[in-house]
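Heads up, the thing below is written out as structure tokens.
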Amino acid sequence: LIITACATTGDIPVELDRNDVIYISPANQDGIQDDVTVSTSAIPLERTVLKSYLIEVYAESGERVRTIEESVPKGRWWMRKERRRAVEPPELIIWDGRNDDGMWVPDGPYGLTMTVRDNRNNVGTAPDLLVIVDNTPPSGELSAPFLRFTPNGDGRLDDVTIFQRDTTWEDRWEGAVYPAQAWGQAGNQSADGDVQPLKTWTWEGVPEDIVWDGTSAGGAVAPAGLYTYRLSATDRAGNSGEAFLSGIELIPTAQPFLVDASSRYFSPDGDGVQDSVTITARPHQSNQPPTVERWELTIVDRFGLPLRTIT
């Protein structure tokens, strides 16, 4: 559907007070851009009266989906009173995104216009308005290969990668990392709704995957704890959408463990006496259970060469 603004078609001046593309999201009924409201103006020619008006909304296919019209019934043409009867076009056109059957129209572009006719059969048609119906909110899927990381510069799990996939195209996406208490697991904002994001990213079109190194916007390493990542956007029709990735845990330093051996000496000769040694690892602070996802034990010789690795 291609609509270009132009002057009134016909003899009677007819105008709609907007010439921009209008975006609406009527079906969600959230009070944000739910309908089209346009002021109108139709000025009769000198010594004429308007006998009819037609407001129509049509789809890209050309099918008329909504009509509002009024006309003066034909009477006895020789009676002066009948000749002066007129209609008054509405000063405001309001289209709520429904068709003539009261059903929501599908998403897509629509044209809106008004045509008037006078008693001398003069006609005037306003320039068409382009209305985009968009009831689909922005959406996307978030995931991460792991959620715990230790940004201590040791080259192991120094950052966390967040995949942002299957996202819709939008004018602006914003990603932000918040302390976990700012958002619940279901994306409900906490009572402390003024919590500011630790770090933000923005994109036009489709958001890219991000790598968070645990720093704030100012470059400082964030405190240890749990964090939530939020991806959000609002489209031109006023639809808002968001996705959350919760449970991101920042551990500034690797958790210390103590390693003990049951004996410093053993003789693996099969005689049943000190044939093996038992090695035990435990957290440095026994009152804080470790959150271990992977461990590796390496036995080396006196030159530091590995003899056996157990993971």
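By convention in this document, the chains of the structure tokens carry letters A, B, ... by their order, each chain's residues are numbered from 1, and ligands are numbered from 1 in the order they are shown.
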
Rows by chain and residue number, segment 195-305 of chain A within 9 Å of segment 29-43 of chain A, shortest pair, only C-alpha atoms, as JSON lines:
```
{"residue": "A:Ala237", "atom": "CA", "partner": "A:Gln33", "partner_atom": "CA", "distance": 6.3}
{"residue": "A:Gly238", "atom": "CA", "partner": "A:Ile32", "partner_atom": "CA", "distance": 5.9}
{"residue": "A:Asn239", "atom": "CA", "partner": "A:Ile32", "partner_atom": "CA", "distance": 8.0}
```

Self-check item: Contacts of Asp134 of chain A within 8 Å, only C-alpha atoms, excl. fewer than 4 positions in-chain, as number ranges by chain
Solution: A: 23-25, 107-108, 237

Exercise. Write out as number ranges by chain which residues come within 10 Å of segment 198-212 of chain A when counting only C-alpha atoms, dropping same-chain ones fewer than 2 positions away.
Key: A: 140, 142-144, 149, 151, 158-179, 195-196, 214-219, 222, 227, 229-233

Limited to C-alpha atoms, could you put the picked residues into a file as a CSV table (one decimal), in the first residue's frame?
```
chain,number,residue,atom,x,y,z
A,140,GLY,CA,13.1,-12.1,21.8
A,142,LEU,CA,17.7,-14.9,25.9
A,143,SER,CA,20.1,-17.6,26.9
A,144,ALA,CA,23.6,-18.1,28.2
A,149,PHE,CA,31.6,-16.2,36.2
A,151,PRO,CA,36.0,-11.6,36.4
A,158,ASP,CA,36.1,-13.9,33.1
A,159,ASP,CA,32.9,-12.9,31.5
A,160,VAL,CA,29.4,-14.1,30.6
A,161,THR,CA,28.0,-14.2,27.1
A,162,ILE,CA,24.3,-13.6,26.6
A,163,PHE,CA,22.7,-14.8,23.4
A,164,GLN,CA,19.8,-12.7,22.0
A,165,ARG,CA,18.0,-14.6,19.4
A,166,ASP,CA,14.7,-14.6,17.5
A,167,THR,CA,14.2,-11.0,18.2
A,168,THR,CA,11.9,-8.7,16.2
A,169,TRP,CA,13.2,-5.7,14.2
A,170,GLU,CA,12.7,-2.5,16.2
A,171,ASP,CA,13.8,1.1,16.0
A,172,ARG,CA,15.5,0.7,19.4
A,173,TRP,CA,16.3,-2.1,21.7
A,174,GLU,CA,17.8,-1.6,25.2
A,175,GLY,CA,19.7,-4.2,27.2
A,176,ALA,CA,20.5,-3.6,30.9
A,177,VAL,CA,22.1,-5.4,33.8
A,178,TYR,CA,20.4,-4.9,37.2
A,179,PRO,CA,21.0,-6.1,40.7
A,195,VAL,CA,16.9,0.9,41.0
A,196,GLN,CA,19.2,2.0,38.2
A,214,GLY,CA,31.3,-7.8,35.2
A,215,THR,CA,32.0,-4.1,35.1
A,216,SER,CA,29.6,-1.2,35.6
A,217,ALA,CA,29.1,1.7,33.2
A,218,GLY,CA,32.0,3.5,34.9
A,219,GLY,CA,34.4,0.6,34.4
A,222,ALA,CA,30.5,-4.9,40.2
A,227,TYR,CA,22.2,-10.1,38.6
A,229,TYR,CA,19.6,-9.0,32.4
A,230,ARG,CA,16.6,-7.3,30.8
A,231,LEU,CA,16.1,-6.8,27.1
A,232,SER,CA,13.2,-4.3,26.2
A,233,ALA,CA,11.8,-2.3,23.4
```

Practice problem: Figure out the distance between atom CA of Glu91 of chain A and atom CA of Thr115 of chain A, please, to one decimal in Å. | Solution: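 Pair atom CA of Thr115 of chain A / atom CA of Glu91 of chain A returns 13.6 Å.
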
Self-check item: Top pick for closest residue to Val14 of chain A, considering A:Leu147, A:Trp95, A:Pro138, A:Arg117 and counting only C-alpha atoms
Solution: A:Arg117

Quiz item: Please, what distance in Å, to one decimal, runs between atom CA of Glu70 of chain A and atom CA of Asn122 of chain A?
Solution: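 Separating atom CA of Glu70 of chain A from atom CA of Asn122 of chain A is a distance of 16.2 Å.
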
Per DSSP on the backbone, what are the alpha helix (DSSP H) residues of segment 40-196 of chain A, as a CSV table (one decimal) with N, CA and C atoms, in the first residue's frame?
```
chain,number,residue,atom,x,y,z
A,80,ARG,N,-38.0,24.3,-2.1
A,80,ARG,CA,-36.8,25.1,-1.7
A,80,ARG,C,-36.2,24.5,-0.4
A,81,LYS,N,-37.1,24.1,0.5
A,81,LYS,CA,-36.6,23.6,1.8
A,81,LYS,C,-35.8,22.3,1.6
A,82,GLU,N,-36.3,21.5,0.7
A,82,GLU,CA,-35.6,20.2,0.4
A,82,GLU,C,-34.2,20.5,-0.2
A,83,ARG,N,-34.2,21.5,-1.1
A,83,ARG,CA,-32.9,21.8,-1.7
A,83,ARG,C,-31.9,22.3,-0.8
A,84,ARG,N,-32.2,22.9,0.4
A,84,ARG,CA,-31.3,23.4,1.3
A,84,ARG,C,-30.9,22.5,2.4
```

Within 6 Å of Val65 of chain A, counting only C-alpha atoms, which residues qualify if same-chain residues fewer than 4 places away don't, as a compact mmCIF listing (two decimals) with N, CA, C and O atoms, in the first residue's frame?
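The resulting file, part-v7.txt, is shown below:
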```
# COMPACT_ATOMS: atom_id res chain seq x y z
N VAL A 57 -12.03 3.29 5.31
CA VAL A 57 -10.72 2.72 5.61
C VAL A 57 -10.59 1.47 4.75
O VAL A 57 -11.50 0.63 4.73
N TYR A 58 -9.48 1.36 4.03
CA TYR A 58 -9.31 0.23 3.13
C TYR A 58 -7.96 -0.43 3.34
O TYR A 58 -6.98 0.22 3.76
N ASN A 99 -13.38 -3.51 11.94
CA ASN A 99 -14.03 -3.43 10.64
C ASN A 99 -15.53 -3.18 10.83
O ASN A 99 -16.01 -2.96 11.96
```

Quiz item: Which residues come within 10 Å of Tyr110 of chain A, counting only C-alpha atoms, excluding same-chain residues fewer than 2 positions away, as number ranges by chain?
Solution: A: 1-3, 22, 57-65, 97, 105, 107-108, 112, 128-133

Exercise. Would you mind listing what lies within 8 Å of Ser71 of chain A as JSON, numbers by chain, with only C-alpha atoms counted and same-chain residues fewer than 2 positions away left out?
Key: {"A": [51, 52, 53, 69, 73, 87]}

Those residues with N, CA and C atoms, as a PDB file, in the first residue's frame please?
```
ATOM      1  N   LYS A  51     -24.291  17.402   0.565  1.00  0.00           N
ATOM      2  CA  LYS A  51     -25.386  16.448   0.566  1.00  0.00           C
ATOM      3  C   LYS A  51     -24.964  15.057   1.084  1.00  0.00           C
ATOM      4  N   SER A  52     -23.656  14.781   1.110  1.00  0.00           N
ATOM      5  CA  SER A  52     -23.221  13.476   1.613  1.00  0.00           C
ATOM      6  C   SER A  52     -21.750  13.524   1.984  1.00  0.00           C
ATOM      7  N   TYR A  53     -21.374  12.622   2.869  1.00  0.00           N
ATOM      8  CA  TYR A  53     -19.956  12.400   3.145  1.00  0.00           C
ATOM      9  C   TYR A  53     -19.730  10.904   3.330  1.00  0.00           C
ATOM     10  N   GLU A  69     -20.816   6.832   6.801  1.00  0.00           N
ATOM     11  CA  GLU A  69     -21.374   7.708   5.766  1.00  0.00           C
ATOM     12  C   GLU A  69     -22.732   8.241   6.183  1.00  0.00           C
ATOM     13  N   PRO A  73     -31.530  12.250   2.089  1.00  0.00           N
ATOM     14  CA  PRO A  73     -32.409  11.491   1.195  1.00  0.00           C
ATOM     15  C   PRO A  73     -32.930  12.379   0.072  1.00  0.00           C
ATOM     16  N   VAL A  87     -25.861  17.879   5.088  1.00  0.00           N
ATOM     17  CA  VAL A  87     -25.211  17.048   6.109  1.00  0.00           C
ATOM     18  C   VAL A  87     -24.001  17.807   6.638  1.00  0.00           C
TER      19      VAL A  87
END
```

Quiz item: Hey, what does DSSP flag as strand (DSSP E) within segment 73-294 of chain A? Can you give it to me as a PyMOL selection string?
Solution: chain A and resi 92-95+108-118+123-125+129-133+141-143+148-149+160-165+170-179+199-205+210-212+225-234+240-250+257-261+279-283

Quiz item: Of the candidates A:Thr150, A:Leu305, A:Ser262, A:Ile279, which shows the shortest atom-to-atom distance to Glu249 of chain A, using only C-alpha atoms?
Solution: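 For Glu249 of chain A, the nearest of the given residues is A:Thr150.
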
Self-check item: Point-to-point distance from atom CA of Ile310 of chain A to atom CA of Thr278 of chain A, Å rounded to tenths
Solution: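 So the two atoms, atom CA of Ile310 of chain A and atom CA of Thr278 of chain A, lie 13.4 Å apart.
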